[in-house]
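Each remark here refers to the structure printed beneath this line.
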Amino acid sequence: MAKKLIVLAGPDEGRVFELGSDAMMFGRSRATDTPLTDPHVSRVHCQVLPEGGDYVVVDFDSASGTFVNGKEIDRHVLVPGDLIRIGDTHMQFVADETTTRRSAAKDADWSHGLVGQAISHYNITAPLARGKTGYIFHAQDMRNDADVALKVLNPEFGKDEKKVQRFVDAMKIILPIQHPHLLKILGAGKTGDFCWVATEYVAGESLLAVIGRIQKGRKLDWKGVIKVAAYLARALEFAHSKNVIHQNVTPQNILVGKKPNNTKLTDLMLATATEEDPTKPISAAGLPSESLPYMSPERTDGPGATIDGRTDVYSLGATLFAMLTGSPPFRGGTVDELIERIRLDSAHHFHSYKVETPVAVEKLIRQCLAKRPQDRPQIASDLRNQLESIASVHGVPL
């Protein structure tokens, strides 16, 4: 009976690791058997090895720990169905070919098939990342040889006429919206079964990777965080002035370059276009998505929630919290547990994370995280004004 580990969520979602007679090492290092791209995973994180007729997972003194079914372990004998979490990578141990996640491997097949192909006038050269709704590829515009990032949605999405029309309507709204801190959209459309969005290609990394390093002790200077926050608030202010709510301001959707002023907010309105539901579990075990910890209490009501710009203000506050502490304000082992904490709990104070900032910085972030929208900065310009005021008082150039 074949035994394997299937990646349910994380940057390597869809990968399948066949287990055999040899031990298998997991980590970010290329020296491991299965190099992962998750920035929250240690270079050598854990090992899965055969023992008798079983498989055992052993933690290798990793920075963030190895968890099985929500509990941190040093050593654990796996049984079919066990859920392993290392960093933000979730894997399931299965002992046969039957799994509800077969579609993940199928998704990987269609993405590999696009490499070397053209969609519209974009030639796809390599995959860059995977998200919940599809893949992001590096591509070249065949009209001018310019590098672009091409987001291609899962082919099943393109077969639903109502979803496609919603996507087209959203893209018509956001195509004209351009701002220095919003990732520029170059085009969008539908080719065959694939809906796609082409954007400028920015050399940099996602804020998620930066936060992964914070968890390992490489904390950010609060002054740099304030700079990034001000630029993102300006981007939201501009989008809101066009009556566009982002709905998914998370570290995954923020690109940072070598300088703070290269910060870009991505995927404007894509959550609306794809009807993304942050409350939907990523597995039958109820695991929360990577975006849910940054969602406002009202956004946790699902796609039918009544929201406005104050939802984006909350999510930006949660992102800034993670930039300073290395963790979102709330975590939970399941969707229900996390939603309950988002709705009811208060975020820990910075001193519990051994983070020092001016009082005004923590006060503003906690105001953004208010449970009731009316208790937050009411519009993005209010938030931007307060951030710029803090920067001015402390001599932080913007």
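Order determines the names: the first chain of the structure tokens is A, the second B, and so forth; residues in each chain are numbered 1 upward, and ligands are numbered 1 upward as they are shown.
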Check: Can you list every residue in segment 126-370 of chain A that DSSP puts in alpha helix (DSSP H), as a ChimeraX atom specification?
Finding: /A:161-174,207-214,222-241,270-273,309-325,335-344,359-368
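Shell of Gly87 of chain A at 10 Å, with only C-alpha atoms counted and residues fewer than 6 places along the chain excluded, is Gly10, Gly27, Asp38, Pro39, His40, Val41, Ser42, His45, Ser62, Ala63, Ser64, Gly65, Thr66, Phe67, Gly212 and Gln215 of chain A.
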Would you mind exporting the chosen residues as a CSV table (one decimal), in the first residue's frame, restricted to all heavy atoms?
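File produced: result-v1.csv:
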```
chain,number,residue,atom,x,y,z
A,10,GLY,N,0.3,26.0,1.8
A,10,GLY,CA,1.6,26.6,1.9
A,10,GLY,C,2.1,26.8,0.5
A,10,GLY,O,1.5,26.5,-0.5
A,27,GLY,N,13.0,20.5,4.6
A,27,GLY,CA,13.6,21.8,5.0
A,27,GLY,C,13.7,22.7,3.8
A,27,GLY,O,13.4,22.3,2.7
A,38,ASP,N,8.8,27.4,1.6
A,38,ASP,CA,8.1,28.1,2.7
A,38,ASP,C,9.2,28.8,3.6
A,38,ASP,O,10.1,28.1,4.1
A,38,ASP,CB,7.4,27.0,3.6
A,38,ASP,CG,6.6,27.6,4.8
A,38,ASP,OD1,6.8,28.8,5.0
A,38,ASP,OD2,5.8,26.9,5.4
A,39,PRO,N,9.1,30.1,3.7
A,39,PRO,CA,10.2,30.9,4.4
A,39,PRO,C,10.1,30.6,5.9
A,39,PRO,O,11.0,30.9,6.6
A,39,PRO,CB,9.8,32.3,4.1
A,39,PRO,CG,8.4,32.3,3.8
A,39,PRO,CD,8.1,31.0,3.1
A,40,HIS,N,9.0,30.0,6.4
A,40,HIS,CA,8.8,29.8,7.8
A,40,HIS,C,9.4,28.4,8.2
A,40,HIS,O,9.5,28.1,9.4
A,40,HIS,CB,7.4,29.8,8.2
A,40,HIS,CG,6.8,31.2,8.1
A,40,HIS,ND1,5.4,31.4,8.4
A,40,HIS,CD2,7.3,32.3,7.6
A,40,HIS,CE1,5.2,32.7,8.2
A,40,HIS,NE2,6.3,33.3,7.7
A,41,VAL,N,9.9,27.6,7.2
A,41,VAL,CA,10.5,26.3,7.5
A,41,VAL,C,12.0,26.5,7.7
A,41,VAL,O,12.6,27.3,7.0
A,41,VAL,CB,10.2,25.4,6.3
A,41,VAL,CG1,11.0,24.1,6.4
A,41,VAL,CG2,8.7,25.0,6.3
A,42,SER,N,12.5,25.8,8.7
A,42,SER,CA,14.0,25.9,8.9
A,42,SER,C,14.7,25.2,7.8
A,42,SER,O,14.2,24.4,7.0
A,42,SER,CB,14.3,25.1,10.2
A,42,SER,OG,13.8,25.8,11.4
A,45,HIS,N,14.5,21.0,8.8
A,45,HIS,CA,13.4,21.1,9.8
A,45,HIS,C,13.0,19.8,10.5
A,45,HIS,O,12.9,19.7,11.7
A,45,HIS,CB,12.2,21.7,9.1
A,45,HIS,CG,11.2,22.3,10.0
A,45,HIS,ND1,10.9,23.7,10.1
A,45,HIS,CD2,10.3,21.7,10.9
A,45,HIS,CE1,10.0,23.9,11.0
A,45,HIS,NE2,9.6,22.7,11.5
A,62,SER,N,14.1,22.4,15.1
A,62,SER,CA,13.7,23.5,14.2
A,62,SER,C,13.3,24.7,15.0
A,62,SER,O,13.0,24.7,16.2
A,62,SER,CB,12.5,23.1,13.3
A,62,SER,OG,11.4,22.8,14.2
A,63,ALA,N,13.4,25.9,14.3
A,63,ALA,CA,13.2,27.2,15.0
A,63,ALA,C,11.7,27.3,15.4
A,63,ALA,O,11.4,27.9,16.5
A,63,ALA,CB,13.6,28.3,14.1
A,64,SER,N,10.8,26.8,14.6
A,64,SER,CA,9.4,27.0,14.9
A,64,SER,C,8.6,25.7,15.3
A,64,SER,O,7.4,25.8,15.5
A,64,SER,CB,8.7,27.6,13.6
A,64,SER,OG,8.9,26.8,12.5
A,65,GLY,N,9.3,24.6,15.3
A,65,GLY,CA,8.7,23.4,15.8
A,65,GLY,C,8.0,22.6,14.7
A,65,GLY,O,7.7,23.1,13.6
A,66,THR,N,7.8,21.3,15.0
A,66,THR,CA,7.0,20.4,14.2
A,66,THR,C,5.8,20.0,14.9
A,66,THR,O,5.8,19.6,16.1
A,66,THR,CB,7.9,19.1,13.8
A,66,THR,OG1,9.0,19.5,13.1
A,66,THR,CG2,7.1,18.2,13.0
A,67,PHE,N,4.6,20.1,14.2
A,67,PHE,CA,3.3,19.8,14.9
A,67,PHE,C,2.6,18.7,14.2
A,67,PHE,O,2.6,18.7,12.9
A,67,PHE,CB,2.5,21.1,14.9
A,67,PHE,CG,3.0,22.2,15.7
A,67,PHE,CD1,4.1,23.0,15.1
A,67,PHE,CD2,2.6,22.5,17.0
A,67,PHE,CE1,4.6,24.1,15.9
A,67,PHE,CE2,3.1,23.6,17.7
A,67,PHE,CZ,4.1,24.3,17.2
A,212,GLY,N,8.6,35.6,8.0
A,212,GLY,CA,9.2,34.4,8.3
A,212,GLY,C,10.6,34.5,9.0
A,212,GLY,O,10.9,33.8,9.9
A,215,GLN,N,10.3,35.6,12.7
A,215,GLN,CA,10.1,34.6,13.6
A,215,GLN,C,11.4,33.9,14.1
A,215,GLN,O,11.4,33.2,15.1
A,215,GLN,CB,9.1,33.5,13.0
A,215,GLN,CG,7.7,34.0,12.8
A,215,GLN,CD,6.8,33.0,12.1
A,215,GLN,OE1,7.3,32.1,11.4
A,215,GLN,NE2,5.6,33.0,12.4
```
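Here atom CA of Ser241 of chain A and atom CA of Pro260 of chain A stand 23.4 Å from one another.
For the residues A:Ile173, A:Ile342, A:Ala23, A:Ala380, ranking by smallest atom-to-atom distance to Ala230 of chain A using only C-alpha atoms places A:Ala380 first.
Shortest atom-to-atom contact with Val68 of chain A among A:His90, A:Arg15, A:Arg143, A:His246: A:His90, counting only C-alpha atoms.
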Next item on the list: Using only C-alpha atoms, find the one residue out of A:Leu265, A:Lys159, A:Val148, A:Phe167 that sits nearest to Leu183 of chain A.
Entry: A:Leu265
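For the set A:Glu362, A:Glu13, A:Asp160, A:Asp22, the residue with the smallest atom-to-atom gap to Gly134 of chain A is A:Glu13, counting only C-alpha atoms.
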Next item on the list: For His351 of chain A, please output as an MDAnalysis selection string all residues within 12 Å (counting only C-alpha atoms; exclusion window: fewer than 4 positions along the same chain).
Entry: chainID A and resid 324:325 347 355:359 362
Those residues with N, CA, C and O atoms, as a PDB file, in the first residue's frame please?
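This went into out18.pdb:
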```
ATOM      1  N   LEU A 324       5.933  43.500  13.134  1.00  0.00           N
ATOM      2  CA  LEU A 324       6.666  43.853  14.351  1.00  0.00           C
ATOM      3  C   LEU A 324       6.889  42.659  15.273  1.00  0.00           C
ATOM      4  O   LEU A 324       7.917  42.573  15.952  1.00  0.00           O
ATOM      5  N   THR A 325       5.942  41.721  15.297  1.00  0.00           N
ATOM      6  CA  THR A 325       6.020  40.612  16.256  1.00  0.00           C
ATOM      7  C   THR A 325       6.413  39.283  15.616  1.00  0.00           C
ATOM      8  O   THR A 325       6.825  38.361  16.320  1.00  0.00           O
ATOM      9  N   ALA A 347      -5.741  41.322  21.165  1.00  0.00           N
ATOM     10  CA  ALA A 347      -4.364  40.999  20.792  1.00  0.00           C
ATOM     11  C   ALA A 347      -3.430  41.256  21.964  1.00  0.00           C
ATOM     12  O   ALA A 347      -3.642  42.179  22.755  1.00  0.00           O
ATOM     13  N   VAL A 355       8.886  43.463  22.038  1.00  0.00           N
ATOM     14  CA  VAL A 355       8.967  44.449  20.960  1.00  0.00           C
ATOM     15  C   VAL A 355       8.778  45.837  21.557  1.00  0.00           C
ATOM     16  O   VAL A 355       7.828  46.075  22.303  1.00  0.00           O
ATOM     17  N   GLU A 356       9.685  46.728  21.232  1.00  0.00           N
ATOM     18  CA  GLU A 356       9.611  48.098  21.736  1.00  0.00           C
ATOM     19  C   GLU A 356       9.354  49.061  20.586  1.00  0.00           C
ATOM     20  O   GLU A 356      10.080  49.091  19.604  1.00  0.00           O
ATOM     21  N   THR A 357       8.302  49.855  20.746  1.00  0.00           N
ATOM     22  CA  THR A 357       7.971  50.903  19.785  1.00  0.00           C
ATOM     23  C   THR A 357       7.469  52.107  20.568  1.00  0.00           C
ATOM     24  O   THR A 357       7.118  51.980  21.757  1.00  0.00           O
ATOM     25  N   PRO A 358       7.405  53.286  19.954  1.00  0.00           N
ATOM     26  CA  PRO A 358       6.732  54.407  20.617  1.00  0.00           C
ATOM     27  C   PRO A 358       5.295  54.033  20.958  1.00  0.00           C
ATOM     28  O   PRO A 358       4.656  53.253  20.239  1.00  0.00           O
ATOM     29  N   VAL A 359       4.780  54.580  22.037  1.00  0.00           N
ATOM     30  CA  VAL A 359       3.416  54.269  22.480  1.00  0.00           C
ATOM     31  C   VAL A 359       2.420  54.518  21.355  1.00  0.00           C
ATOM     32  O   VAL A 359       1.468  53.756  21.161  1.00  0.00           O
ATOM     33  N   GLU A 362       1.945  51.457  18.823  1.00  0.00           N
ATOM     34  CA  GLU A 362       1.104  50.351  19.288  1.00  0.00           C
ATOM     35  C   GLU A 362      -0.345  50.806  19.445  1.00  0.00           C
ATOM     36  O   GLU A 362      -1.269  50.061  19.101  1.00  0.00           O
TER      37      GLU A 362
END
```
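Among the candidate residues A:Trp196, A:Trp222, A:Phe321, A:Tyr294, the one lying nearest to Tyr135 of chain A is A:Trp196, with distances computed using only C-alpha atoms.
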Next item on the list: Between A:Leu175, A:Val249, A:Leu338, A:Val164, single out the one closest to Pro281 of chain A, counting only C-alpha atoms.
Entry: A:Leu338
Notebook entry, point to check: Contacts of Pro278 of chain A at 10 Å or less, counting only C-alpha atoms, minus same-chain residues fewer than 6 places along, as number ranges by chain?
Noted result: A: 247-248, 271, 288-295, 299-303, 335
Generate the output file for the selected residues, N, CA and C atoms, as a PDB file, in the first residue's frame.
```
ATOM      1  N   GLN A 247     -10.123  43.931   0.214  1.00  0.00           N
ATOM      2  CA  GLN A 247     -10.701  42.758   0.881  1.00  0.00           C
ATOM      3  C   GLN A 247      -9.698  41.669   1.252  1.00  0.00           C
ATOM      4  N   ASN A 248      -8.437  41.807   0.855  1.00  0.00           N
ATOM      5  CA  ASN A 248      -7.493  40.727   1.170  1.00  0.00           C
ATOM      6  C   ASN A 248      -6.092  41.293   1.390  1.00  0.00           C
ATOM      7  N   ALA A 271      -9.975  39.228  -4.639  1.00  0.00           N
ATOM      8  CA  ALA A 271     -10.817  38.431  -3.741  1.00  0.00           C
ATOM      9  C   ALA A 271     -12.285  38.581  -4.125  1.00  0.00           C
ATOM     10  N   PRO A 288      -7.250  26.495   8.844  1.00  0.00           N
ATOM     11  CA  PRO A 288      -7.526  27.817   8.276  1.00  0.00           C
ATOM     12  C   PRO A 288      -6.561  28.169   7.156  1.00  0.00           C
ATOM     13  N   SER A 289      -7.021  28.998   6.237  1.00  0.00           N
ATOM     14  CA  SER A 289      -6.171  29.477   5.154  1.00  0.00           C
ATOM     15  C   SER A 289      -5.142  30.463   5.710  1.00  0.00           C
ATOM     16  N   GLU A 290      -4.120  30.782   4.885  1.00  0.00           N
ATOM     17  CA  GLU A 290      -3.090  31.722   5.317  1.00  0.00           C
ATOM     18  C   GLU A 290      -3.637  33.132   5.434  1.00  0.00           C
ATOM     19  N   SER A 291      -4.716  33.449   4.734  1.00  0.00           N
ATOM     20  CA  SER A 291      -5.254  34.809   4.762  1.00  0.00           C
ATOM     21  C   SER A 291      -6.178  35.069   5.942  1.00  0.00           C
ATOM     22  N   LEU A 292      -6.799  34.030   6.486  1.00  0.00           N
ATOM     23  CA  LEU A 292      -7.798  34.222   7.537  1.00  0.00           C
ATOM     24  C   LEU A 292      -7.268  34.975   8.761  1.00  0.00           C
ATOM     25  N   PRO A 293      -6.036  34.750   9.251  1.00  0.00           N
ATOM     26  CA  PRO A 293      -5.578  35.475  10.436  1.00  0.00           C
ATOM     27  C   PRO A 293      -5.543  36.997  10.266  1.00  0.00           C
ATOM     28  N   TYR A 294      -5.640  37.480   9.027  1.00  0.00           N
ATOM     29  CA  TYR A 294      -5.579  38.920   8.768  1.00  0.00           C
ATOM     30  C   TYR A 294      -6.951  39.504   8.433  1.00  0.00           C
ATOM     31  N   MET A 295      -7.989  38.676   8.497  1.00  0.00           N
ATOM     32  CA  MET A 295      -9.326  39.134   8.161  1.00  0.00           C
ATOM     33  C   MET A 295      -9.998  39.817   9.351  1.00  0.00           C
ATOM     34  N   ARG A 299     -15.418  40.400   8.223  1.00  0.00           N
ATOM     35  CA  ARG A 299     -15.079  39.633   7.015  1.00  0.00           C
ATOM     36  C   ARG A 299     -15.202  38.138   7.276  1.00  0.00           C
ATOM     37  N   THR A 300     -15.113  37.724   8.547  1.00  0.00           N
ATOM     38  CA  THR A 300     -15.228  36.299   8.871  1.00  0.00           C
ATOM     39  C   THR A 300     -16.653  35.788   8.717  1.00  0.00           C
ATOM     40  N   ASP A 301     -17.598  36.671   8.366  1.00  0.00           N
ATOM     41  CA  ASP A 301     -18.962  36.217   8.091  1.00  0.00           C
ATOM     42  C   ASP A 301     -19.079  35.575   6.719  1.00  0.00           C
ATOM     43  N   GLY A 302     -17.979  35.614   5.940  1.00  0.00           N
ATOM     44  CA  GLY A 302     -17.988  34.959   4.629  1.00  0.00           C
ATOM     45  C   GLY A 302     -18.299  35.919   3.503  1.00  0.00           C
ATOM     46  N   PRO A 303     -18.523  35.379   2.280  1.00  0.00           N
ATOM     47  CA  PRO A 303     -18.703  36.218   1.096  1.00  0.00           C
ATOM     48  C   PRO A 303     -19.873  37.195   1.192  1.00  0.00           C
ATOM     49  N   VAL A 335     -10.435  26.571  11.616  1.00  0.00           N
ATOM     50  CA  VAL A 335     -11.132  27.785  11.197  1.00  0.00           C
ATOM     51  C   VAL A 335     -12.020  28.299  12.315  1.00  0.00           C
TER      52      VAL A 335
END
```
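Counting from atom CA of Cys368 of chain A, the distance to atom CA of Ile177 of chain A is 25.1 Å.
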Check: Hey, what does DSSP flag as strand (DSSP E or B) within segment 79-186 of chain A? Can you give it to me as a PyMOL selection string?
Finding: chain A and resi 83-86+89-94+118-119+122-130+134-141+147-153+182+185-186
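The space between atom CA of Ala305 of chain A and atom CA of Ala233 of chain A spans 22.7 Å.
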Checklist line | Near-Lys4 of chain A list (7 Å; only C-alpha atoms; drop same-chain fewer than 6 positions) as a PyMOL selection string | finding: chain A and resi 16-19+93-95
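The environment of Arg213 of chain A within 8 Å, counting only C-alpha atoms and disregarding residues fewer than 4 places along the same chain, consists of A:Pro39, A:His40, A:Ala209, A:Gly217, A:Arg218, A:Lys219, A:Gly326.
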Residues as selected, N, CA, C and O atoms, written as a PDB file, in the first residue's frame, can you do that?
```pdb
ATOM      1  N   PRO A  39       9.122  30.128   3.660  1.00  0.00           N
ATOM      2  CA  PRO A  39      10.151  30.855   4.419  1.00  0.00           C
ATOM      3  C   PRO A  39      10.092  30.601   5.916  1.00  0.00           C
ATOM      4  O   PRO A  39      11.033  30.913   6.635  1.00  0.00           O
ATOM      5  N   HIS A  40       8.984  30.035   6.396  1.00  0.00           N
ATOM      6  CA  HIS A  40       8.839  29.767   7.828  1.00  0.00           C
ATOM      7  C   HIS A  40       9.434  28.418   8.236  1.00  0.00           C
ATOM      8  O   HIS A  40       9.468  28.089   9.413  1.00  0.00           O
ATOM      9  N   ALA A 209       7.602  36.299   3.390  1.00  0.00           N
ATOM     10  CA  ALA A 209       8.968  35.812   3.579  1.00  0.00           C
ATOM     11  C   ALA A 209       9.706  36.646   4.613  1.00  0.00           C
ATOM     12  O   ALA A 209      10.475  36.123   5.426  1.00  0.00           O
ATOM     13  N   GLY A 217      14.050  35.579  14.814  1.00  0.00           N
ATOM     14  CA  GLY A 217      14.822  36.522  15.615  1.00  0.00           C
ATOM     15  C   GLY A 217      15.329  37.740  14.876  1.00  0.00           C
ATOM     16  O   GLY A 217      15.940  38.617  15.476  1.00  0.00           O
ATOM     17  N   ARG A 218      15.081  37.842  13.559  1.00  0.00           N
ATOM     18  CA  ARG A 218      15.564  38.988  12.788  1.00  0.00           C
ATOM     19  C   ARG A 218      14.470  40.050  12.724  1.00  0.00           C
ATOM     20  O   ARG A 218      13.783  40.229  11.733  1.00  0.00           O
ATOM     21  N   LYS A 219      14.284  40.754  13.833  1.00  0.00           N
ATOM     22  CA  LYS A 219      13.195  41.714  13.952  1.00  0.00           C
ATOM     23  C   LYS A 219      13.438  42.945  13.083  1.00  0.00           C
ATOM     24  O   LYS A 219      14.562  43.333  12.814  1.00  0.00           O
ATOM     25  N   GLY A 326       6.237  39.168  14.289  1.00  0.00           N
ATOM     26  CA  GLY A 326       6.501  37.893  13.619  1.00  0.00           C
ATOM     27  C   GLY A 326       5.301  36.980  13.568  1.00  0.00           C
ATOM     28  O   GLY A 326       5.386  35.862  13.065  1.00  0.00           O
TER      29      GLY A 326
END
```
